[in-house]
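Q: If it helps, the file is called work32.pdb and holds PDB, C-alpha atoms:
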ATOM      1  CA  MET Z   1       0.000   0.000   0.000
ATOM      2  CA  ALA Z   2       1.340   3.423  -0.954
ATOM      3  CA  LEU Z   3       2.218   5.851   1.797
ATOM      4  CA  SER Z   4      -0.161   8.686   2.456
ATOM      5  CA  LYS Z   5       1.282  12.117   1.762
ATOM      6  CA  GLN Z   6       1.173  12.836   5.495
ATOM      7  CA  GLU Z   7       3.192   9.687   6.282
ATOM      8  CA  TRP Z   8       5.679  10.453   3.527
ATOM      9  CA  LEU Z   9       6.244  14.027   4.700
ATOM     10  CA  ALA Z  10       6.671  12.856   8.301
ATOM     11  CA  LEU Z  11       9.313  10.328   7.252
ATOM     12  CA  GLU Z  12      11.145  12.970   5.199
ATOM     13  CA  LYS Z  13      11.229  15.289   8.215
ATOM     14  CA  LYS Z  14      12.558  12.539  10.462
ATOM     15  CA  ALA Z  15      15.204  11.464   7.926
ATOM     16  CA  TYR Z  16      16.321  15.094   7.629
ATOM     17  CA  GLU Z  17      16.640  15.356  11.402
ATOM     18  CA  LEU Z  18      18.548  12.089  11.576
ATOM     19  CA  ARG Z  19      20.925  13.039   8.772
ATOM     20  CA  ASN Z  20      21.705  16.248  10.655
ATOM     21  CA  LEU Z  21      22.260  14.288  13.861
ATOM     22  CA  CYS Z  22      24.544  11.886  12.001
ATOM     23  CA  LEU Z  23      26.511  14.841  10.653
ATOM     24  CA  ASP Z  24      26.703  16.394  14.123
ATOM     25  CA  THR Z  25      27.991  13.118  15.563
ATOM     26  CA  THR Z  26      30.657  12.865  12.860
ATOM     27  CA  PHE Z  27      31.694  16.449  13.591
ATOM     28  CA  TRP Z  28      31.923  15.818  17.347
ATOM     29  CA  ALA Z  29      33.930  12.645  16.748
ATOM     30  CA  GLY Z  30      36.189  14.311  14.209
ATOM     31  CA  SER Z  31      35.506  11.582  11.663
ATOM     32  CA  ALA Z  32      33.272   8.584  10.963
ATOM     33  CA  HIS Z  33      31.829   6.365   8.230
ATOM     34  CA  ILE Z  34      29.490   9.140   7.186
ATOM     35  CA  GLY Z  35      29.123   8.218   3.501
ATOM     36  CA  GLY Z  36      27.477   4.865   4.161
ATOM     37  CA  GLY Z  37      25.604   6.323   7.107
ATOM     38  CA  MET Z  38      23.881   8.805   4.818
ATOM     39  CA  SER Z  39      23.064   6.183   2.180
ATOM     40  CA  VAL Z  40      21.445   3.807   4.684
ATOM     41  CA  MET Z  41      19.541   6.444   6.667
ATOM     42  CA  ASP Z  42      16.254   6.224   4.765
ATOM     43  CA  MET Z  43      16.062   2.470   5.338
ATOM     44  CA  LEU Z  44      16.700   2.913   9.053
ATOM     45  CA  THR Z  45      14.142   5.712   9.223
ATOM     46  CA  ILE Z  46      11.279   3.836   7.609
ATOM     47  CA  LEU Z  47      11.962   0.641   9.553
ATOM     48  CA  TYR Z  48      12.128   2.264  12.987
ATOM     49  CA  TYR Z  49       9.494   4.943  12.455
ATOM     50  CA  LYS Z  50       6.891   2.966  10.509
ATOM     51  CA  TYR Z  51       7.382  -0.793  10.573
ATOM     52  CA  MET Z  52       9.338  -2.202  13.464
ATOM     53  CA  LYS Z  53       7.559  -3.507  16.557
ATOM     54  CA  ILE Z  54       9.707  -2.231  19.431
ATOM     55  CA  ASP Z  55       9.315  -0.904  22.959
ATOM     56  CA  VAL Z  56      11.848   1.724  24.016
ATOM     57  CA  ALA Z  57      10.897   1.176  27.672
ATOM     58  CA  ASN Z  58      11.551  -2.561  27.309
ATOM     59  CA  PRO Z  59      14.443  -2.969  24.853
ATOM     60  CA  ASN Z  60      14.831  -6.698  25.586
ATOM     61  CA  TRP Z  61      11.161  -7.478  24.959
ATOM     62  CA  GLU Z  62      11.133 -11.040  23.609
ATOM     63  CA  ASP Z  63       8.499 -10.293  20.969
ATOM     64  CA  ARG Z  64      10.198  -7.226  19.508
ATOM     65  CA  ASP Z  65      11.267  -7.097  15.886
ATOM     66  CA  ARG Z  66      15.023  -7.357  15.366
ATOM     67  CA  LEU Z  67      17.328  -5.190  13.251
ATOM     68  CA  ILE Z  68      20.712  -6.569  12.233
ATOM     69  CA  LEU Z  69      22.861  -3.830  10.702
ATOM     70  CA  SER Z  70      25.330  -6.062   8.938
ATOM     71  CA  LYS Z  71      27.220  -3.048   7.584
ATOM     72  CA  GLY Z  72      28.083  -2.211  11.172
ATOM     73  CA  HIS Z  73      30.554   0.490  10.194
ATOM     74  CA  ALA Z  74      27.468   2.646   9.526
ATOM     75  CA  GLY Z  75      27.145   2.800  13.304
ATOM     76  CA  VAL Z  76      27.259   6.600  13.197
ATOM     77  CA  ALA Z  77      23.820   6.504  11.534
ATOM     78  CA  TYR Z  78      22.507   3.674  13.706
ATOM     79  CA  ALA Z  79      23.623   5.411  16.916
ATOM     80  CA  SER Z  80      21.813   8.554  15.825
ATOM     81  CA  VAL Z  81      18.584   6.594  15.318
ATOM     82  CA  LEU Z  82      18.822   4.735  18.630
ATOM     83  CA  CYS Z  83      19.460   7.953  20.537
ATOM     84  CA  GLU Z  84      16.725   9.868  18.725
ATOM     85  CA  LEU Z  85      14.274   7.096  19.630
ATOM     86  CA  GLY Z  86      15.270   7.346  23.296
ATOM     87  CA  PHE Z  87      17.019   4.006  23.770
ATOM     88  CA  ASN Z  88      20.162   5.937  24.714
ATOM     89  CA  ASP Z  89      20.962   9.457  25.918
ATOM     90  CA  LYS Z  90      21.762  11.799  23.014
ATOM     91  CA  GLU Z  91      24.630  13.219  25.041
ATOM     92  CA  GLN Z  92      26.483   9.957  24.401
ATOM     93  CA  LEU Z  93      26.758  10.922  20.732
ATOM     94  CA  LYS Z  94      29.173  13.685  21.715
ATOM     95  CA  THR Z  95      31.656  10.981  22.718
ATOM     96  CA  PHE Z  96      31.138   8.772  19.653
ATOM     97  CA  ASN Z  97      34.323   6.819  18.843
ATOM     98  CA  LEU Z  98      36.262   8.617  21.569
ATOM     99  CA  THR Z  99      38.299   6.861  24.257
ATOM    100  CA  ASN Z 100      36.177   5.093  26.905
ATOM    101  CA  SER Z 101      32.908   5.902  25.146
ATOM    102  CA  LYS Z 102      30.141   3.300  25.046
ATOM    103  CA  MET Z 103      29.458   4.500  21.497
ATOM    104  CA  GLY Z 104      32.226   2.774  19.576
ATOM    105  CA  ILE Z 105      32.540   3.109  15.825
ATOM    106  CA  HIS Z 106      31.017  -0.377  15.534
ATOM    107  CA  LEU Z 107      28.170  -0.485  18.033
ATOM    108  CA  ASP Z 108      28.527  -3.108  20.768
ATOM    109  CA  SER Z 109      25.248  -4.763  21.773
ATOM    110  CA  ASN Z 110      26.574  -5.109  25.327
ATOM    111  CA  LYS Z 111      27.070  -1.343  25.618
ATOM    112  CA  VAL Z 112      24.518   0.362  23.371
ATOM    113  CA  ILE Z 113      20.856  -0.202  24.233
ATOM    114  CA  GLY Z 114      18.719  -1.290  21.301
ATOM    115  CA  VAL Z 115      21.480  -2.990  19.304
ATOM    116  CA  ASP Z 116      20.435  -6.567  18.584
ATOM    117  CA  ALA Z 117      23.822  -7.753  17.311
ATOM    118  CA  SER Z 118      27.374  -6.428  17.347
ATOM    119  CA  THR Z 119      28.408  -6.266  13.706
ATOM    120  CA  GLY Z 120      31.130  -4.803  11.575
ATOM    121  CA  SER Z 121      33.064  -7.997  10.886
ATOM    122  CA  LEU Z 122      31.527  -7.907   7.452
ATOM    123  CA  GLY Z 123      29.568 -10.860   6.174
ATOM    124  CA  HIS Z 124      28.191 -11.812   9.593
ATOM    125  CA  GLY Z 125      24.860  -9.976   9.613
ATOM    126  CA  LEU Z 126      22.840 -12.163   7.264
ATOM    127  CA  PRO Z 127      23.935 -15.397   8.986
ATOM    128  CA  ILE Z 128      22.869 -13.912  12.340
ATOM    129  CA  ALA Z 129      19.566 -12.744  10.867
ATOM    130  CA  VAL Z 130      18.781 -16.194   9.463
ATOM    131  CA  GLY Z 131      19.519 -17.594  12.920
ATOM    132  CA  THR Z 132      17.199 -15.183  14.738
ATOM    133  CA  ALA Z 133      14.483 -15.856  12.175
ATOM    134  CA  LEU Z 134      14.781 -19.611  12.634
ATOM    135  CA  ALA Z 135      14.744 -19.086  16.410
ATOM    136  CA  ALA Z 136      11.412 -17.270  16.078
ATOM    137  CA  ARG Z 137      10.025 -20.270  14.215
ATOM    138  CA  VAL Z 138      11.232 -22.726  16.857
ATOM    139  CA  LEU Z 139       9.885 -20.569  19.689
ATOM    140  CA  GLY Z 140       6.550 -19.940  17.996
ATOM    141  CA  LYS Z 141       7.169 -16.184  17.897
ATOM    142  CA  ASP Z 142       5.861 -13.878  15.175
ATOM    143  CA  TYR Z 143       8.587 -11.221  15.353
ATOM    144  CA  LYS Z 144      10.364 -10.203  12.145
ATOM    145  CA  THR Z 145      14.101  -9.835  11.609
ATOM    146  CA  TYR Z 146      15.298  -7.057   9.316
ATOM    147  CA  CYS Z 147      18.851  -7.202   7.988
ATOM    148  CA  ILE Z 148      20.747  -4.455   6.135
ATOM    149  CA  LEU Z 149      23.873  -5.407   4.204
ATOM    150  CA  GLY Z 150      26.370  -3.216   2.429
ATOM    151  CA  ASP Z 151      27.025  -4.051  -1.200
ATOM    152  CA  GLY Z 152      30.783  -4.199  -0.645
ATOM    153  CA  GLU Z 153      30.384  -6.893   2.007
ATOM    154  CA  CYS Z 154      28.560  -9.047  -0.527
ATOM    155  CA  ASP Z 155      32.051 -10.077  -1.641
ATOM    156  CA  GLU Z 156      32.026 -12.228   1.507
ATOM    157  CA  GLY Z 157      31.200 -15.913   1.021
ATOM    158  CA  SER Z 158      29.460 -16.138   4.389
ATOM    159  CA  ASN Z 159      26.579 -14.065   2.984
ATOM    160  CA  TRP Z 160      25.998 -16.609   0.243
ATOM    161  CA  GLU Z 161      26.114 -19.519   2.693
ATOM    162  CA  ALA Z 162      23.432 -17.710   4.690
ATOM    163  CA  ALA Z 163      21.453 -17.097   1.502
ATOM    164  CA  MET Z 164      21.464 -20.813   0.720
ATOM    165  CA  SER Z 165      20.248 -21.553   4.243
ATOM    166  CA  ALA Z 166      17.506 -18.932   4.074
ATOM    167  CA  ALA Z 167      16.159 -20.347   0.826
ATOM    168  CA  HIS Z 168      16.507 -23.992   1.880
ATOM    169  CA  PHE Z 169      14.633 -23.453   5.137
ATOM    170  CA  LYS Z 170      12.124 -21.067   3.494
ATOM    171  CA  VAL Z 171      12.925 -18.340   5.997
ATOM    172  CA  ASP Z 172      10.235 -15.832   5.094
ATOM    173  CA  ASN Z 173      10.285 -13.980   8.426
ATOM    174  CA  VAL Z 174      13.605 -12.292   7.673
ATOM    175  CA  ILE Z 175      13.462  -9.270   5.367
ATOM    176  CA  SER Z 176      16.820  -8.263   3.943
ATOM    177  CA  PHE Z 177      18.143  -5.152   2.240
ATOM    178  CA  VAL Z 178      21.327  -4.328   0.396
ATOM    179  CA  ASP Z 179      22.439  -0.701   0.591
ATOM    180  CA  ARG Z 180      23.532  -0.616  -3.058
ATOM    181  CA  ASN Z 181      25.509   2.612  -3.106
ATOM    182  CA  LYS Z 182      28.085   1.040  -5.456
ATOM    183  CA  CYS Z 183      31.043   2.264  -3.393
ATOM    184  CA  MET Z 184      33.304   0.613  -0.857
ATOM    185  CA  ILE Z 185      36.421   1.612   1.020
ATOM    186  CA  ASP Z 186      38.816   0.835  -1.851
ATOM    187  CA  GLY Z 187      36.764   2.158  -4.766
ATOM    188  CA  ARG Z 188      33.707   1.397  -6.863
ATOM    189  CA  THR Z 189      32.268  -2.041  -6.147
ATOM    190  CA  GLU Z 190      32.328  -2.983  -9.814
ATOM    191  CA  ASP Z 191      36.034  -2.120 -10.013
ATOM    192  CA  VAL Z 192      37.084  -3.878  -6.799
ATOM    193  CA  MET Z 193      35.007  -7.062  -7.227
ATOM    194  CA  SER Z 194      32.156  -6.981  -9.718
ATOM    195  CA  LEU Z 195      28.756  -7.866  -8.243
ATOM    196  CA  GLU Z 196      26.604  -7.639 -11.346
ATOM    197  CA  PRO Z 197      24.302  -9.206 -12.377
ATOM    198  CA  PHE Z 198      23.546  -8.658  -8.696
ATOM    199  CA  ALA Z 199      19.781  -9.172  -8.564
ATOM    200  CA  ASP Z 200      20.050 -12.328 -10.653
ATOM    201  CA  LYS Z 201      22.527 -13.792  -8.168
ATOM    202  CA  TRP Z 202      20.072 -13.401  -5.309
ATOM    203  CA  ARG Z 203      17.313 -14.917  -7.446
ATOM    204  CA  ALA Z 204      19.588 -17.851  -8.261
ATOM    205  CA  PHE Z 205      20.019 -18.414  -4.526
ATOM    206  CA  GLY Z 206      16.246 -18.660  -4.079
ATOM    207  CA  PHE Z 207      15.314 -15.121  -3.056
ATOM    208  CA  ILE Z 208      12.457 -13.016  -4.315
ATOM    209  CA  VAL Z 209      14.121  -9.747  -5.306
ATOM    210  CA  LYS Z 210      12.674  -6.247  -5.236
ATOM    211  CA  GLU Z 211      14.777  -3.456  -6.747
ATOM    212  CA  VAL Z 212      13.839   0.011  -5.493
ATOM    213  CA  ASP Z 213      15.056   3.564  -5.159
ATOM    214  CA  GLY Z 214      16.517   3.433  -1.663
ATOM    215  CA  HIS Z 215      15.848   7.138  -1.174
ATOM    216  CA  ASN Z 216      12.155   6.956  -2.082
ATOM    217  CA  PHE Z 217      10.039   6.191   0.973
ATOM    218  CA  ASN Z 218       7.052   5.172  -1.130
ATOM    219  CA  GLU Z 219       9.038   2.544  -3.046
ATOM    220  CA  LEU Z 220      10.638   1.269   0.151
ATOM    221  CA  SER Z 221       7.227   1.007   1.810
ATOM    222  CA  GLU Z 222       5.709  -0.960  -1.063
ATOM    223  CA  ALA Z 223       8.659  -3.391  -1.064
ATOM    224  CA  ILE Z 224       8.470  -3.925   2.709
ATOM    225  CA  ASP Z 225       4.701  -4.444   2.529
ATOM    226  CA  PHE Z 226       5.254  -7.085  -0.154
ATOM    227  CA  ALA Z 227       7.902  -8.828   1.958
ATOM    228  CA  LEU Z 228       5.667  -8.857   5.030
ATOM    229  CA  GLU Z 229       2.839 -10.494   3.098
ATOM    230  CA  ASN Z 230       5.060 -12.955   1.227
ATOM    231  CA  LYS Z 231       5.190 -16.585   2.345
ATOM    232  CA  GLY Z 232       7.493 -19.454   1.479
ATOM    233  CA  ALA Z 233      10.693 -17.694   0.372
ATOM    234  CA  PRO Z 234      13.072 -15.005   1.641
ATOM    235  CA  VAL Z 235      12.912 -11.502   0.155
ATOM    236  CA  MET Z 236      15.889  -9.340  -0.739
ATOM    237  CA  ILE Z 237      15.257  -5.629  -1.293
ATOM    238  CA  ILE Z 238      18.075  -4.133  -3.340
ATOM    239  CA  ALA Z 239      17.975  -0.438  -2.516
ATOM    240  CA  ASP Z 240      19.650   1.736  -5.137
ATOM    241  CA  THR Z 241      21.301   4.442  -3.035
ATOM    242  CA  ILE Z 242      23.903   7.180  -3.189
ATOM    243  CA  LYS Z 243      26.945   7.250  -0.944
ATOM    244  CA  GLY Z 244      26.767  10.426   1.112
ATOM    245  CA  GLU Z 245      23.138  11.102   0.135
ATOM    246  CA  GLY Z 246      22.192  14.677   0.998
ATOM    247  CA  ILE Z 247      25.695  16.144   1.257
ATOM    248  CA  ASP Z 248      26.632  17.235  -2.242
ATOM    249  CA  PHE Z 249      30.414  17.132  -1.924
ATOM    250  CA  MET Z 250      30.256  13.565  -0.552
ATOM    251  CA  GLU Z 251      27.695  12.087  -2.914
ATOM    252  CA  ASP Z 252      28.750   9.059  -4.969
ATOM    253  CA  ASN Z 253      32.364   9.453  -3.872
ATOM    254  CA  TYR Z 254      33.987   6.358  -2.382
ATOM    255  CA  LEU Z 255      36.602   8.539  -0.692
ATOM    256  CA  TRP Z 256      33.831   9.483   1.758
ATOM    257  CA  HIS Z 257      33.487   5.902   2.949
ATOM    258  CA  TYR Z 258      35.219   7.335   6.012
ATOM    259  CA  GLY Z 259      36.031  10.985   6.415
ATOM    260  CA  ALA Z 260      36.863  13.866   8.716
ATOM    261  CA  ILE Z 261      34.663  16.943   9.163
ATOM    262  CA  ASP Z 262      36.147  20.336  10.049
ATOM    263  CA  ASP Z 263      34.262  23.590  10.648
ATOM    264  CA  GLU Z 264      34.204  24.552   6.973
ATOM    265  CA  LYS Z 265      32.981  21.166   5.748
ATOM    266  CA  TYR Z 266      30.416  21.052   8.555
ATOM    267  CA  ALA Z 267      28.894  24.364   7.482
ATOM    268  CA  LYS Z 268      28.799  23.316   3.825
ATOM    269  CA  ALA Z 269      27.224  19.981   4.749
ATOM    270  CA  LYS Z 270      24.501  21.674   6.804
ATOM    271  CA  GLU Z 271      23.643  23.947   3.884
ATOM    272  CA  SER Z 272      23.539  20.973   1.511
ATOM    273  CA  LEU Z 273      21.231  18.989   3.822
ATOM    274  CA  ASP Z 274      18.793  21.913   3.890
ATOM    275  CA  LYS Z 275      18.675  22.004   0.087
ATOM    276  CA  HIS Z 276      18.338  18.228  -0.056
ATOM    277  CA  TYR Z 277      15.402  18.312   2.345
ATOM    278  CA  ALA Z 278      13.637  20.958   0.273
ATOM    279  CA  LYS Z 279      13.934  18.764  -2.840
ATOM    280  CA  ARG Z 280      12.684  15.700  -0.998
ATOM    281  CA  ILE Z 281       9.701  17.571   0.411
ATOM    282  CA  ALA Z 282       8.838  18.868  -3.061
ATOM    283  CA  ARG Z 283       8.851  15.306  -4.415
ATOM    284  CA  ALA Z 284       6.639  14.013  -1.622
ATOM    285  CA  GLU Z 285       4.215  16.880  -2.139
ATOM    286  CA  LYS Z 286       4.053  16.149  -5.868
ATOM    287  CA  GLU Z 287       3.899  12.342  -5.778
ATOM    288  CA  GLY Z 288       2.128  11.712  -2.469
ATOM    289  CA  VAL Z 289      -1.591  11.033  -2.303
TER     290      VAL Z 289
END
Can the structure in the file be given as structure tokens, please?

A:
Amino acid sequence: MALSKQEWLALEKKAYELRNLCLDTTFWAGSAHIGGGMSVMDMLTILYYKYMKIDVANPNWEDRDRLILSKGHAGVAYASVLCELGFNDKEQLKTFNLTNSKMGIHLDSNKVIGVDASTGSLGHGLPIAVGTALAARVLGKDYKTYCILGDGECDEGSNWEAAMSAAHFKVDNVISFVDRNKCMIDGRTEDVMSLEPFADKWRAFGFIVKEVDGHNFNELSEAIDFALENKGAPVMIIADTIKGEGIDFMEDNYLWHYGAIDDEKYAKAKESLDKHYAKRIARAEKEGV
């Protein structure tokens, strides 16, 4: 079902706020994996602010939905979301990645409330997600597990072992995404280790594949709705995204996989995010119903 215009505009506002908080956190830390944080932010926003069944007052609630951020280096975005929701004090973001902080660059589930799995050793997220989904089946629980992979980590064989397991066991209660920003730390994904034909590979492993604009909340919503209703096979949502989305001098530039923000760059990034938000609002106003 398509988003209402009101829902769409609300999600755009929240994503704008979260992108600013992610930028602030990077600035306070001096540096972070901001490029991938910006590309994944819309997925995190729609999952936590529309779909996921969670209880901030009871973060260990057994029946909660799970989120496995396999691309754990995007912790600067994830930390922003978890603090904005109220799982953790926002003041902790001012110590992100600093000595003795609970907010490490890869979020530790033993230290950061709301994190379902410590990730960042790339290729581990999908195997964990398949495990939590199978656990729900064994326990008779109806919670969903959402998993977000980076496209660069899809070079890892462990993802494909997990994919075989998901298809073999017909794990339809895990909904997976790939943040397909086409950049990784060493360059363009297709230059470092070609992934294409990417969607066909997931189909060959038994997944139903939905390819969407990862920065269009309406397309993301329709794909998630499909996955929630689907039975009998796992779903992979390949989200076409832009590294550094919203900050013009970072966009589609693999050199911003990880980067430092000084006063000048911070001011330019803030200005760019304002312009980006205006464009996104205009699209929602035009296309929303």

Q: Around the point (29.6, 21.2, 5.3) (coordinates from the file), which residues reach within 12 Å if we count only C-alpha atoms? Answer as a PyMOL selection string.

A: chain Z and resi 20+23-24+26-27+244+246-250+260-274

Q: On this file, the PyMOL selection byres ((chain Z and resi 47) around 12) gives some set of residues; write that set as a PyMOL selection string.

A: chain Z and resi 11+14-15+40-46+48-54+65-69+78+81+144-148+175-177+217+220-221+223-225

Q: The PyMOL selection byres ((chain Z and resi 32) around 9) on the file shown: which residues, as an mmCIF file with C-alpha atoms, in the coordinates of the input?

A:
data_model
loop_
_atom_site.group_PDB
_atom_site.id
_atom_site.type_symbol
_atom_site.label_atom_id
_atom_site.label_comp_id
_atom_site.auth_asym_id
_atom_site.auth_seq_id
_atom_site.Cartn_x
_atom_site.Cartn_y
_atom_site.Cartn_z
ATOM 1 C CA THR Z 25 27.991 13.118 15.563
ATOM 2 C CA THR Z 26 30.657 12.865 12.860
ATOM 3 C CA PHE Z 27 31.694 16.449 13.591
ATOM 4 C CA ALA Z 29 33.930 12.645 16.748
ATOM 5 C CA GLY Z 30 36.189 14.311 14.209
ATOM 6 C CA SER Z 31 35.506 11.582 11.663
ATOM 7 C CA HIS Z 33 31.829 6.365 8.230
ATOM 8 C CA ILE Z 34 29.490 9.140 7.186
ATOM 9 C CA GLY Z 35 29.123 8.218 3.501
ATOM 10 C CA GLY Z 37 25.604 6.323 7.107
ATOM 11 C CA HIS Z 73 30.554 0.490 10.194
ATOM 12 C CA ALA Z 74 27.468 2.646 9.526
ATOM 13 C CA GLY Z 75 27.145 2.800 13.304
ATOM 14 C CA VAL Z 76 27.259 6.600 13.197
ATOM 15 C CA PHE Z 96 31.138 8.772 19.653
ATOM 16 C CA ASN Z 97 34.323 6.819 18.843
ATOM 17 C CA ILE Z 105 32.540 3.109 15.825
ATOM 18 C CA HIS Z 257 33.487 5.902 2.949
ATOM 19 C CA TYR Z 258 35.219 7.335 6.012
ATOM 20 C CA GLY Z 259 36.031 10.985 6.415
ATOM 21 C CA ALA Z 260 36.863 13.866 8.716
ATOM 22 C CA ILE Z 261 34.663 16.943 9.163
#

Q: Skipping near chain neighbours, those fewer than 4 positions away, what residues fall within 9 Å of Glu153 (chain Z) using all atoms listed in the file, listed as a PyMOL selection string?

A: chain Z and resi 70-71+122-123+149+159+184

Q: Output C-alpha atoms for every residue in that selection, as a PDB file, in the frame of the given file.

A:
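New file again_4.pdb:
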ATOM      1  CA  SER Z  70      25.330  -6.062   8.938  1.00  0.00           C
ATOM      2  CA  LYS Z  71      27.220  -3.048   7.584  1.00  0.00           C
ATOM      3  CA  LEU Z 122      31.527  -7.907   7.452  1.00  0.00           C
ATOM      4  CA  GLY Z 123      29.568 -10.860   6.174  1.00  0.00           C
ATOM      5  CA  LEU Z 149      23.873  -5.407   4.204  1.00  0.00           C
ATOM      6  CA  ASN Z 159      26.579 -14.065   2.984  1.00  0.00           C
ATOM      7  CA  MET Z 184      33.304   0.613  -0.857  1.00  0.00           C
TER       8      MET Z 184
END

Q: For the file shown, what are the residues hit by the PyMOL selection byres ((chain Z and resi 200-206) around 12), laid out as a PDB file with C-alpha atoms, keeping the file's coordinate frame?

A:
ATOM      1  CA  CYS Z 154      28.560  -9.047  -0.527  1.00  0.00           C
ATOM      2  CA  ASN Z 159      26.579 -14.065   2.984  1.00  0.00           C
ATOM      3  CA  TRP Z 160      25.998 -16.609   0.243  1.00  0.00           C
ATOM      4  CA  GLU Z 161      26.114 -19.519   2.693  1.00  0.00           C
ATOM      5  CA  ALA Z 162      23.432 -17.710   4.690  1.00  0.00           C
ATOM      6  CA  ALA Z 163      21.453 -17.097   1.502  1.00  0.00           C
ATOM      7  CA  MET Z 164      21.464 -20.813   0.720  1.00  0.00           C
ATOM      8  CA  SER Z 165      20.248 -21.553   4.243  1.00  0.00           C
ATOM      9  CA  ALA Z 166      17.506 -18.932   4.074  1.00  0.00           C
ATOM     10  CA  ALA Z 167      16.159 -20.347   0.826  1.00  0.00           C
ATOM     11  CA  HIS Z 168      16.507 -23.992   1.880  1.00  0.00           C
ATOM     12  CA  PHE Z 169      14.633 -23.453   5.137  1.00  0.00           C
ATOM     13  CA  LYS Z 170      12.124 -21.067   3.494  1.00  0.00           C
ATOM     14  CA  VAL Z 171      12.925 -18.340   5.997  1.00  0.00           C
ATOM     15  CA  ASP Z 172      10.235 -15.832   5.094  1.00  0.00           C
ATOM     16  CA  SER Z 176      16.820  -8.263   3.943  1.00  0.00           C
ATOM     17  CA  PHE Z 177      18.143  -5.152   2.240  1.00  0.00           C
ATOM     18  CA  VAL Z 178      21.327  -4.328   0.396  1.00  0.00           C
ATOM     19  CA  SER Z 194      32.156  -6.981  -9.718  1.00  0.00           C
ATOM     20  CA  LEU Z 195      28.756  -7.866  -8.243  1.00  0.00           C
ATOM     21  CA  GLU Z 196      26.604  -7.639 -11.346  1.00  0.00           C
ATOM     22  CA  PRO Z 197      24.302  -9.206 -12.377  1.00  0.00           C
ATOM     23  CA  PHE Z 198      23.546  -8.658  -8.696  1.00  0.00           C
ATOM     24  CA  ALA Z 199      19.781  -9.172  -8.564  1.00  0.00           C
ATOM     25  CA  PHE Z 207      15.314 -15.121  -3.056  1.00  0.00           C
ATOM     26  CA  ILE Z 208      12.457 -13.016  -4.315  1.00  0.00           C
ATOM     27  CA  VAL Z 209      14.121  -9.747  -5.306  1.00  0.00           C
ATOM     28  CA  LYS Z 210      12.674  -6.247  -5.236  1.00  0.00           C
ATOM     29  CA  GLU Z 211      14.777  -3.456  -6.747  1.00  0.00           C
ATOM     30  CA  GLY Z 232       7.493 -19.454   1.479  1.00  0.00           C
ATOM     31  CA  ALA Z 233      10.693 -17.694   0.372  1.00  0.00           C
ATOM     32  CA  PRO Z 234      13.072 -15.005   1.641  1.00  0.00           C
ATOM     33  CA  VAL Z 235      12.912 -11.502   0.155  1.00  0.00           C
ATOM     34  CA  MET Z 236      15.889  -9.340  -0.739  1.00  0.00           C
ATOM     35  CA  ILE Z 237      15.257  -5.629  -1.293  1.00  0.00           C
ATOM     36  CA  ILE Z 238      18.075  -4.133  -3.340  1.00  0.00           C
TER      37      ILE Z 238
END

Q: Please provide as a ChimeraX atom specification all residues within 10 Å of Asp186 (chain Z), with the sequence filter that same-chain residues fewer than 2 positions apart are discarded (counting only C-alpha atoms).

A: /Z:152,183-184,188-189,191-192,254-255,257

Q: Taking 4 positions as the minimum chain separation for residues in the same chain, which residues sit within 12 Å of Leu9 (chain Z) when counting only C-alpha atoms? Answer as a list in words.

A: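 The filter keeps Leu3, Ser4, Lys5, Lys13, Lys14, Ala15, Tyr16, Ile46, Asn216, Phe217, Asn218, Tyr277, Ala278, Lys279, Arg280, Ile281, Ala282, Arg283, Ala284, Glu285, Lys286, Glu287, Gly288 and Val289 of chain Z.
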
Q: Using the file's own x, y and z axes, so that the box edges lie along x, y and z, what centre and edge lengths in Å (one decimal) does a box around every listed atom of region 202-212 of chain Z get when 3 Å is added on each side? Give it as AutoDock Vina command-line options.

A:
--center_x 16.3 --center_y -9.3 --center_z -5.7 --size_x 13.6 --size_y 24.7 --size_z 11.2
